[in-house]
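To start, the structure under review is shown below, and the notes come after it.
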Amino acid sequence: MGKREEVMTLLKECVQEYSEQSGQELAIQEDTPLIGPEATVDSLGLVMVITSFEAQLNDKYGTELVLANEKAMSMRNSPFRSLNALTDYAVSLLDEAGAAA
Amino acid sequence: MSKSDQAMVITGTSRGLGLQLAETMLERGWWVFGCSRGPSDTKHERYQHFELDVADEKAVAHMFAAVRKSGKQLFAVLNNAGTASMNHVLTTPLSTMHKLFSVNVFGTMLCSREAAKLMLKHGEGRIINFGSVAVAYALEGEAVYTASKAAVESYTKVLAREMGYHGITANSVSPNPVKTDLIAGVPDDKMQRLVDRQSIKRYGEYEDVLRVVDFLLDEKNTFTTGQVIYLGGP
Ligand SMILES: NC(=O)c1ccc[n+]([C@@H]2O[C@H](COP(=O)([O-])OP(=O)(O)OC[C@H]3O[C@@H](n4cnc5c(N)ncnc54)[C@H](OP(=O)(O)O)[C@@H]3O)[C@@H](O)[C@H]2O)c1
């Protein structure tokens, strides 16, 4: 499995986990939005997904990433807009941190 | 879960209240992760020290990553690291304002945030922040310190709200003067005037602070949150 695919799988698992915890049936496609009116998660859900995704990434790749950083908040296109965008963003942070696939 | 599986982060453990708290918690069987900018003399098999500035986000993330990798459950964080500076409003440089807010406010916020992320997994935790009676007394000569501690106390209340759902409590211990390095440079008569404003007019002792920390740490105390406890009374 390539790194992007691995990261996407982790992210989907995090959304799935929140779906089970909250007892809500959530859409979990790669283009599913995480913010905005069509978002699959509510605002608390987004916080929970980002937090558990960050922990999973750090566990798997031995990194110490903080996903909600200045860069994420100032990007013109929010990295939290969809599963695809968040995956790309996470992969770029992992690459910057020099994490091996 | 016994203490032997549980960890606590205490900031500012090289001296003063933080050092005493670390020693007490080690005696009681906790795993303690401590930090300060300088080194620590504490040597214990369950103690790990990090030389860091609590306002340094990367260093703080690194310390909490070490807690995570230890496999211990992070049950509590004591955001004790703090710094003070006495000055008149009209002669306080911006650099002092930055320094006090960095350590007292941003340090507390960063460590609370990283601690809460780890506590979420277990659905329980205790965040104990350090305010000060300076807030209740609006002390002249301590405008910036007082404002920074007021920020800590407000932050703690909102934190308590956002974390309540997750079984994590957040409270502030707000000591009156306790004889440590922090107040060593303040003239005795000034301190005495402060003590005289308290409901119970004496200096605080480490044990007074410990008693409040113990009350908040109690595993059964799942319902006290968002509180600011002023030692010595209003
Ligand atoms: N003592 C009092 O009368 C009193 C009254 C009200 C509230 N408080 C609060 O209680 C807490 C503890 O006070 P204390 O009297 O024990 O103070 P203290 O004796 O001055 O000790 C402060 C500790 O914090 C550490 N520290 C300071 N800046 C730091 C930074 N940027 N990053 C990491 N660690 C840092 C210091 O180590 P390094 O210098 O090596 O970094 C030291 O270990 C503080 O939050 C204080 O505001 C104290």
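Identifiers in the structure tokens: chain A, B, ... in order shown; residue index from 1 per chain; ligand index from 1 in order shown.
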
Can you tell me, as a CSV table (one decimal) with C-alpha atoms, in the first residue's frame, what residues are no more than 12 Å from Thr225 in chain B when counting only C-alpha atoms, ignoring any on the same chain fewer than 5 positions away?
```
chain,number,residue,atom,x,y,z
B,125,GLY,CA,-8.6,13.1,33.2
B,126,ARG,CA,-7.8,16.0,35.4
B,127,ILE,CA,-6.5,19.3,34.2
B,128,ILE,CA,-5.3,21.5,37.1
B,129,ASN,CA,-4.1,24.9,36.2
B,153,GLU,CA,-8.8,31.2,35.1
B,156,THR,CA,-10.0,26.9,32.5
B,157,LYS,CA,-13.7,27.6,32.7
B,158,VAL,CA,-14.2,27.2,29.0
B,159,LEU,CA,-11.9,24.2,28.9
B,160,ALA,CA,-14.1,22.6,31.5
B,161,ARG,CA,-17.1,23.1,29.4
B,162,GLU,CA,-15.6,21.7,26.2
B,163,MET,CA,-14.1,18.7,28.0
B,164,GLY,CA,-17.0,17.9,30.3
B,165,TYR,CA,-18.6,15.6,27.8
B,167,GLY,CA,-15.0,12.9,31.4
B,168,ILE,CA,-12.2,15.4,31.8
B,169,THR,CA,-12.4,18.0,34.5
B,170,ALA,CA,-10.5,21.3,34.5
B,171,ASN,CA,-10.0,23.5,37.5
B,172,SER,CA,-7.7,26.2,38.8
B,173,VAL,CA,-5.8,26.2,42.1
B,215,PHE,CA,-9.3,17.1,46.1
B,216,LEU,CA,-9.3,17.7,42.4
B,217,LEU,CA,-7.2,14.6,41.6
```

Taking only C-alpha atoms into account and nothing else, which residues of chain B lie no more than 8 Å away from chain A? Please answer as a list of chain:residue names.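 Here is what falls inside 8 Å: B:Lys58, B:Ala61, B:His62, B:Ala65, B:Lys117.
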
Could those selected residues go to a file with C-alpha atoms, as a PDB file, in the first residue's frame?
```pdb
ATOM      1  CA  LYS B  58       7.234  21.564  19.376  1.00  0.00           C
ATOM      2  CA  ALA B  61       4.335  18.086  21.718  1.00  0.00           C
ATOM      3  CA  HIS B  62       7.549  16.089  22.126  1.00  0.00           C
ATOM      4  CA  ALA B  65       4.553  12.152  22.678  1.00  0.00           C
ATOM      5  CA  LYS B 117      -5.797  14.868  23.484  1.00  0.00           C
TER       6      LYS B 117
END
```

Show me, as a list of chain:residue names, the residues that have an atom within 6 Å of range 44-57 of chain B when counting only C-alpha atoms, minus same-chain residues fewer than 3 positions from it. B:Trp31, B:Val32, B:Phe33, B:Gly34, B:Cys35, B:Ser36, B:Arg37, B:Gly38, B:Val60, B:Ser102, B:Val103, B:Phe106, B:Gly107

Kindly export the residues of the current selection with N, CA and C atoms, as a compact mmCIF listing (two decimals), in the first residue's frame.
```
# COMPACT_ATOMS: atom_id res chain seq x y z
N TRP B 31 3.77 7.80 37.87
CA TRP B 31 4.82 8.10 36.91
C TRP B 31 4.71 9.59 36.66
N VAL B 32 5.82 10.29 36.81
CA VAL B 32 5.77 11.75 36.66
C VAL B 32 6.66 12.20 35.51
N PHE B 33 6.07 12.96 34.62
CA PHE B 33 6.82 13.62 33.55
C PHE B 33 6.86 15.09 33.92
N GLY B 34 8.08 15.59 34.16
CA GLY B 34 8.20 16.97 34.61
C GLY B 34 9.00 17.79 33.61
N CYS B 35 8.92 19.10 33.76
CA CYS B 35 9.69 19.95 32.86
C CYS B 35 10.01 21.29 33.51
N SER B 36 11.05 21.89 33.01
CA SER B 36 11.40 23.27 33.34
C SER B 36 12.46 23.67 32.33
N ARG B 37 12.78 24.95 32.23
CA ARG B 37 13.79 25.35 31.24
C ARG B 37 15.15 24.81 31.62
N GLY B 38 15.41 24.77 32.90
CA GLY B 38 16.70 24.27 33.37
C GLY B 38 16.62 22.79 33.74
N VAL B 60 6.75 20.94 23.65
CA VAL B 60 5.63 20.44 24.44
C VAL B 60 5.03 19.19 23.77
N SER B 102 3.45 34.36 27.55
CA SER B 102 3.95 33.13 26.92
C SER B 102 3.96 31.98 27.92
N VAL B 103 4.55 32.23 29.06
CA VAL B 103 4.72 31.15 30.04
C VAL B 103 3.39 30.83 30.72
N PHE B 106 0.10 30.93 27.44
CA PHE B 106 0.24 30.03 26.28
C PHE B 106 0.79 28.67 26.71
N GLY B 107 1.69 28.67 27.68
CA GLY B 107 2.23 27.40 28.19
C GLY B 107 1.11 26.54 28.77
```

From B:Lys179, B:Lys201, B:Arg193, B:Lys121, residue lying nearest ligand 1 [only C-alpha atoms and all ligand atoms]: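 When distances to ligand 1 are compared using only C-alpha atoms and all ligand atoms, the smallest one comes from B:Lys179.
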
Expected answer as a PyMOL selection string: residues within 8 Å of ligand 1, only C-alpha atoms and all ligand atoms: chain B and resi 11-19+35-40+51-55+79-84+102-104+107+129-134+149+174-183+204

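Near range 20-31 of chain A, within 6 Å and counting only C-alpha atoms, sit Thr40, Ser82, Leu83 and Asn84 of chain A; same-chain residues fewer than 4 positions away were not included.
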
How would the residues just chosen look if you wrote them out with N, CA and C atoms as a CSV table (one decimal), in the first residue's frame?
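Below is the file selection_24.csv, written as the result:
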```csv
chain,number,residue,atom,x,y,z
A,40,THR,N,-20.0,15.6,6.7
A,40,THR,CA,-20.5,14.4,7.3
A,40,THR,C,-20.5,14.4,8.8
A,82,SER,N,-12.3,18.1,3.0
A,82,SER,CA,-12.7,16.7,2.6
A,82,SER,C,-11.7,15.7,3.1
A,83,LEU,N,-12.1,14.4,3.0
A,83,LEU,CA,-11.1,13.4,3.4
A,83,LEU,C,-9.9,13.4,2.5
A,84,ASN,N,-10.2,13.7,1.2
A,84,ASN,CA,-9.0,13.8,0.2
A,84,ASN,C,-8.1,14.9,0.6
```

Taking the chain letters and numbering used in this document, name the residues of chain A that DSSP puts in alpha helix (DSSP H), as a ChimeraX atom specification. /A:3-22,43-61,70-74,83-97

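Nearest to Glu6 in chain A of all the residues A:Leu93, A:Met73, A:Pro79, A:Thr87 is A:Thr87, based on only C-alpha atoms.
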
As an exercise, work out the distance from CA of Ser112 in chain B to CA of Glu124 in chain B in Å and give it to one decimal place. 13.7 Å

Could you tell me how far CA of Ile50 in chain A lies from CA of Gln16 in chain A, in Å and to one decimal? 12.6 Å

Who sits within 12 Å of Ala72 in chain A, only C-alpha atoms, same chain under 2 positions skipped, as number ranges by chain: A: 50, 66-70, 74-81, 85-86, 88-90, 92-93

Atom pair CA of Thr96 in chain B / CA of Ala136 in chain B: separation (Å):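 Here the two named atoms are 21.8 Å from each other.
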